[in-house]
>>> print(open('target-v4.txt').read())   # compact mmCIF, C-alpha atoms
# COMPACT_ATOMS: atom_id res chain seq x y z
CA GLN U 150 -61.21 15.79 30.35
CA GLN U 151 -61.85 15.17 34.06
CA ILE U 152 -60.80 11.84 35.51
CA ASP U 153 -61.44 11.53 39.23
CA ALA U 154 -60.48 7.89 39.78
CA LEU U 155 -59.00 4.89 38.05
CA PHE U 156 -59.47 1.30 39.19
CA ASN U 157 -57.01 -1.04 37.50
CA ASN U 158 -58.90 -4.32 37.74
CA ALA U 159 -57.70 -6.34 34.76
CA GLY U 160 -55.85 -9.48 35.66
CA ILE U 161 -55.32 -13.15 34.99
CA VAL U 162 -54.41 -15.89 37.44
CA THR U 163 -51.65 -18.17 36.21
CA THR U 164 -49.76 -21.03 37.78
CA GLY U 165 -46.32 -22.56 37.46
CA THR U 166 -42.86 -22.72 38.95
CA ALA U 167 -39.63 -21.29 37.52
CA GLU U 168 -39.19 -24.59 35.67
CA THR U 169 -42.74 -25.12 34.44
CA THR U 170 -43.76 -21.58 33.48
CA THR U 171 -43.48 -21.04 29.74
CA GLU U 172 -42.27 -17.77 28.27
CA ASP U 173 -45.75 -17.24 26.77
CA VAL U 174 -47.45 -17.61 30.17
CA TRP U 175 -44.86 -15.33 31.81
CA ARG U 176 -45.25 -12.65 29.13
CA SER U 177 -49.04 -12.73 29.04
CA THR U 178 -49.22 -12.56 32.84
CA MET U 179 -46.87 -9.58 32.97
CA ASP U 180 -48.60 -7.87 30.02
CA ILE U 181 -52.03 -8.07 31.61
CA ASN U 182 -51.21 -7.82 35.33
CA VAL U 183 -48.31 -5.34 35.23
CA HIS U 184 -47.91 -3.60 31.88
CA ALA U 185 -51.62 -2.75 31.61
CA VAL U 186 -51.58 -1.20 35.10
CA TRP U 187 -48.57 0.96 34.25
CA ARG U 188 -50.04 1.97 30.90
CA MET U 189 -53.43 3.00 32.32
CA CYS U 190 -51.73 5.02 35.06
CA ALA U 191 -49.49 6.74 32.53
CA LEU U 192 -52.57 7.72 30.54
CA VAL U 193 -54.61 9.20 33.43
CA ILE U 194 -51.89 10.84 35.52
CA PRO U 195 -51.51 13.91 33.26
CA HIS U 196 -55.30 14.54 33.51
CA MET U 197 -55.24 14.15 37.29
CA ARG U 198 -52.13 16.31 37.64
CA ALA U 199 -53.79 19.10 35.66
CA ARG U 200 -56.51 19.23 38.35
CA SER U 201 -54.17 18.47 41.27
CA ALA U 202 -56.56 15.69 42.25
CA GLY U 203 -57.22 12.05 41.62
CA SER U 204 -57.18 8.59 43.03
CA ILE U 205 -55.72 5.47 41.48
CA VAL U 206 -56.58 2.08 42.94
CA ASN U 207 -54.67 -0.92 41.66
CA ASN U 208 -55.93 -4.45 42.13
CA GLY U 209 -53.26 -6.42 43.91
CA SER U 210 -53.73 -9.65 45.81
CA PHE U 211 -52.84 -11.07 49.17
CA TRP U 212 -50.09 -12.65 47.06
CA SER U 213 -48.73 -9.12 46.56
CA VAL U 214 -47.20 -9.47 50.02
CA VAL U 215 -46.62 -13.23 50.52
CA GLY U 216 -45.37 -16.02 48.31
CA GLY U 217 -47.44 -18.84 46.93
CA ALA U 218 -46.46 -22.30 45.73
CA ASN U 219 -46.87 -23.13 42.04
CA ALA U 220 -47.94 -19.56 41.28
CA LEU U 221 -44.67 -17.85 40.29
CA PRO U 222 -45.94 -15.72 37.38
CA TYR U 223 -49.02 -14.52 39.27
CA VAL U 224 -47.17 -13.85 42.55
CA ALA U 225 -44.39 -12.00 40.72
CA SER U 226 -46.91 -9.87 38.83
CA LYS U 227 -48.89 -8.94 41.94
CA GLY U 228 -45.66 -8.17 43.83
CA ALA U 229 -44.77 -5.83 40.99
CA VAL U 230 -48.18 -4.15 41.27
CA ALA U 231 -47.57 -3.60 45.01
CA LEU U 232 -44.23 -1.87 44.50
CA MET U 233 -45.47 0.07 41.46
CA THR U 234 -48.29 1.35 43.68
CA LYS U 235 -45.85 2.55 46.34
CA ALA U 236 -43.47 4.10 43.78
CA MET U 237 -46.28 5.95 41.99
CA ALA U 238 -47.66 7.16 45.33
CA LEU U 239 -44.30 8.76 46.11
CA ASP U 240 -43.91 10.14 42.59
CA HIS U 241 -47.32 11.80 42.53
CA ALA U 242 -48.23 12.72 46.13
CA ARG U 243 -47.23 16.34 45.50
CA ASP U 244 -49.38 16.33 42.36
CA GLY U 245 -52.47 15.69 44.50
CA ILE U 246 -52.79 12.14 43.18
CA ARG U 247 -53.24 9.27 45.62
CA VAL U 248 -52.20 5.76 44.57
CA ASN U 249 -53.22 2.72 46.60
CA ALA U 250 -53.96 -0.96 46.05
CA VAL U 251 -56.65 -3.28 47.28
CA CYS U 252 -55.23 -6.73 47.96
CA PRO U 253 -58.06 -9.27 48.15
CA GLY U 254 -57.83 -12.80 49.39
CA GLY U 255 -60.26 -15.47 48.29
CA THR U 256 -63.19 -13.77 46.57
CA PHE U 257 -66.18 -15.75 45.33
CA VAL U 258 -66.07 -14.66 41.71
CA ASP U 259 -67.52 -16.44 38.67
CA ARG U 260 -64.60 -18.83 38.25
CA TRP U 261 -65.23 -20.16 41.78
CA ALA U 262 -68.97 -20.41 41.19
CA ASP U 263 -68.33 -22.30 37.93
CA ARG U 264 -65.95 -24.66 39.72
CA PHE U 265 -68.52 -25.65 42.36
CA ARG U 266 -71.77 -25.38 40.42
CA ASP U 267 -72.05 -29.04 39.39
CA MET U 268 -70.88 -30.55 42.66
CA PRO U 269 -73.49 -32.59 44.53
CA ASP U 270 -73.05 -30.60 47.74
CA CYS U 271 -71.98 -27.20 46.44
CA GLU U 272 -72.37 -25.43 49.78
CA SER U 273 -70.15 -27.93 51.58
CA ALA U 274 -67.52 -27.77 48.83
CA VAL U 275 -67.38 -23.96 49.07
CA ARG U 276 -67.08 -24.19 52.86
CA ASP U 277 -64.22 -26.71 52.55
CA ALA U 278 -62.43 -24.59 49.93
CA SER U 279 -62.52 -21.54 52.20
CA SER U 280 -61.63 -23.36 55.44
CA HIS U 281 -58.02 -22.09 55.32
CA ILE U 282 -59.26 -18.48 55.56
CA PRO U 283 -59.49 -17.36 59.21
CA MET U 284 -62.94 -15.86 58.59
CA ARG U 285 -63.94 -19.27 57.12
CA ARG U 286 -65.55 -17.82 54.00
CA PHE U 287 -64.80 -16.15 50.71
CA ALA U 288 -65.37 -12.43 50.26
CA SER U 289 -68.18 -11.35 47.98
CA PRO U 290 -67.25 -9.14 45.02
CA GLU U 291 -69.40 -6.44 46.63
CA GLU U 292 -67.26 -6.49 49.79
CA ILE U 293 -64.12 -5.91 47.74
CA ALA U 294 -65.89 -3.20 45.70
CA ARG U 295 -66.64 -1.30 48.92
CA VAL U 296 -62.92 -1.33 49.78
CA VAL U 297 -62.11 -0.01 46.30
CA LEU U 298 -64.73 2.72 46.66
CA PHE U 299 -63.25 3.72 50.01
CA LEU U 300 -59.76 4.04 48.51
CA ALA U 301 -61.09 5.97 45.52
CA SER U 302 -63.19 8.33 47.63
CA ASP U 303 -62.39 11.42 49.67
CA GLU U 304 -63.00 9.28 52.77
CA SER U 305 -59.39 8.12 52.32
CA SER U 306 -57.99 11.56 51.47
CA TYR U 307 -54.85 11.09 53.59
CA VAL U 308 -54.08 7.56 52.36
CA THR U 309 -51.52 6.98 49.65
CA GLY U 310 -49.02 4.21 48.98
CA HIS U 311 -51.13 1.77 50.98
CA LEU U 312 -51.80 -1.88 50.25
CA LEU U 313 -55.17 -2.54 51.86
CA LEU U 314 -55.43 -6.26 52.56
CA ALA U 315 -59.02 -7.47 52.33
CA ASP U 316 -58.18 -11.13 52.81
CA GLY U 317 -60.29 -12.43 55.70
CA GLY U 318 -57.14 -12.71 57.84
CA LEU U 319 -55.07 -14.85 55.44
CA THR U 320 -51.89 -12.78 55.81
CA ALA U 321 -52.34 -12.35 59.57
CA GLN U 322 -51.54 -16.05 60.10
>>> encode(input="target-v4.txt", output="structure tokens")
Amino acid sequence: QQIDALFNNAGIVTTGTAETTTEDVWRSTMDINVHAVWRMCALVIPHMRARSAGSIVNNGSFWSVVGGANALPYVASKGAVALMTKAMALDHARDGIRVNAVCPGGTFVDRWADRFRDMPDCESAVRDASSHIPMRRFASPEEIARVVLFLASDESSYVTGHLLLADGGLTAQ
């Protein structure tokens, strides 16, 4: 069975502090955002190693590298994805397997569209919501997909262990 690339894109966004996060929220966040990434990698690595080739791209977040208020379970899970990515890159570089992560910032996905859809001035609300981003807009899913495709492709053949921030400048502030 030939597996050229894996994109680990499952994830849930959860909120809470150390005091307000329930054990159920913590566990479900870690199960989906961390455990699923590890499990998928464990399943494909033997196939990639057999061919001495493959690319794994994990979906991190700009919160993989900075903290965020009232987002403890999510931030902790994405931080774990970042360090898992680096550890797996070191473990499997000599196997011909590259492991990287895309770390998006604000991306205009369905949950954002749903949030703004019924607002009287949707365009203005979206502009206001993205005003904290230096580029003053959300990324489109297609923009993030192009970053993933770059990391999965031979165009990035000498890149491993990298967290590619596609965050419109959020973490440059």
>>> closest_residue(input="target-v4.txt", among="U:Ala185, U:Ser305, U:Leu319, U:Pro222", to="Glu172 in chain U", atoms="all atoms listed in the file")
U:Pro222
>>> residues_around(input="target-v4.txt", residues="range 301-304 of chain U", least_positions_apart="2", cutoff="7 Å", atoms="all atoms listed in the file", output="PyMOL selection string")
chain U and resi 154+204-206+297-299+306
>>> residues_near_point(input="target-v4.txt", point="(-62.6, -4.7, 49.0)", cutoff="10 Å", atoms="all atoms listed in the file", output="MDAnalysis selection string")
chainID U and resid 208 250:254 256 288:300 313:316
>>> atom_distance(input="target-v4.txt", atom1="CA of Ile181 in chain U", atom2="CA of Arg247 in chain U")
22.3 Å
>>> residues_around(input="target-v4.txt", residues="Trp187 in chain U", least_positions_apart="2", cutoff="12 Å", atoms="only C-alpha atoms", output="PDB file with C-alpha atoms, in the frame of the given file")
ATOM      1  CA  LEU U 155     -59.000   4.890  38.050  1.00  0.00           C
ATOM      2  CA  PHE U 156     -59.470   1.300  39.190  1.00  0.00           C
ATOM      3  CA  ASN U 157     -57.010  -1.040  37.500  1.00  0.00           C
ATOM      4  CA  ALA U 159     -57.700  -6.340  34.760  1.00  0.00           C
ATOM      5  CA  MET U 179     -46.870  -9.580  32.970  1.00  0.00           C
ATOM      6  CA  ASP U 180     -48.600  -7.870  30.020  1.00  0.00           C
ATOM      7  CA  ILE U 181     -52.030  -8.070  31.610  1.00  0.00           C
ATOM      8  CA  ASN U 182     -51.210  -7.820  35.330  1.00  0.00           C
ATOM      9  CA  VAL U 183     -48.310  -5.340  35.230  1.00  0.00           C
ATOM     10  CA  HIS U 184     -47.910  -3.600  31.880  1.00  0.00           C
ATOM     11  CA  ALA U 185     -51.620  -2.750  31.610  1.00  0.00           C
ATOM     12  CA  MET U 189     -53.430   3.000  32.320  1.00  0.00           C
ATOM     13  CA  CYS U 190     -51.730   5.020  35.060  1.00  0.00           C
ATOM     14  CA  ALA U 191     -49.490   6.740  32.530  1.00  0.00           C
ATOM     15  CA  LEU U 192     -52.570   7.720  30.540  1.00  0.00           C
ATOM     16  CA  VAL U 193     -54.610   9.200  33.430  1.00  0.00           C
ATOM     17  CA  ILE U 194     -51.890  10.840  35.520  1.00  0.00           C
ATOM     18  CA  ILE U 205     -55.720   5.470  41.480  1.00  0.00           C
ATOM     19  CA  VAL U 206     -56.580   2.080  42.940  1.00  0.00           C
ATOM     20  CA  ASN U 207     -54.670  -0.920  41.660  1.00  0.00           C
ATOM     21  CA  SER U 226     -46.910  -9.870  38.830  1.00  0.00           C
ATOM     22  CA  ALA U 229     -44.770  -5.830  40.990  1.00  0.00           C
ATOM     23  CA  VAL U 230     -48.180  -4.150  41.270  1.00  0.00           C
ATOM     24  CA  ALA U 231     -47.570  -3.600  45.010  1.00  0.00           C
ATOM     25  CA  LEU U 232     -44.230  -1.870  44.500  1.00  0.00           C
ATOM     26  CA  MET U 233     -45.470   0.070  41.460  1.00  0.00           C
ATOM     27  CA  THR U 234     -48.290   1.350  43.680  1.00  0.00           C
ATOM     28  CA  ALA U 236     -43.470   4.100  43.780  1.00  0.00           C
ATOM     29  CA  MET U 237     -46.280   5.950  41.990  1.00  0.00           C
ATOM     30  CA  VAL U 248     -52.200   5.760  44.570  1.00  0.00           C
TER      31      VAL U 248
END
>>> atom_distance(input="target-v4.txt", atom1="CA of Trp175 in chain U", atom2="CA of Gly255 in chain U")
22.6 Å
>>> closest_residue(input="target-v4.txt", among="U:Met284, U:Phe211, U:Ala225, U:Ala199", to="Arg176 in chain U", atoms="all atoms listed in the file")
U:Ala225
>>> residues_near_point(input="target-v4.txt", point="(-46.4, -10.7, 46.0)", cutoff="7 Å", atoms="all atoms listed in the file", output="ChimeraX atom specification")
/U:212-216,224-225,227-228
>>> residues_around(input="target-v4.txt", residues="Arg276 in chain U", least_positions_apart="5", cutoff="10 Å", atoms="only C-alpha atoms", output="PyMOL selection string")
chain U and resi 271+281+285-287
>>> closest_residue(input="target-v4.txt", among="U:Ile282, U:Ala202, U:Ala167, U:Val174", to="Gln322 in chain U", atoms="only C-alpha atoms")
U:Ile282
>>> atom_distance(input="target-v4.txt", atom1="CA of Asn219 in chain U", atom2="CA of Ser280 in chain U")
19.9 Å
>>> axis_aligned_box(input="target-v4.txt", around="range 183-193 of chain U", padding_each_side="8 Å", output="AutoDock Vina command-line options")
--center_x -51.3 --center_y 1.9 --center_z 32.9 --size_x 22.7 --size_y 30.5 --size_z 20.7
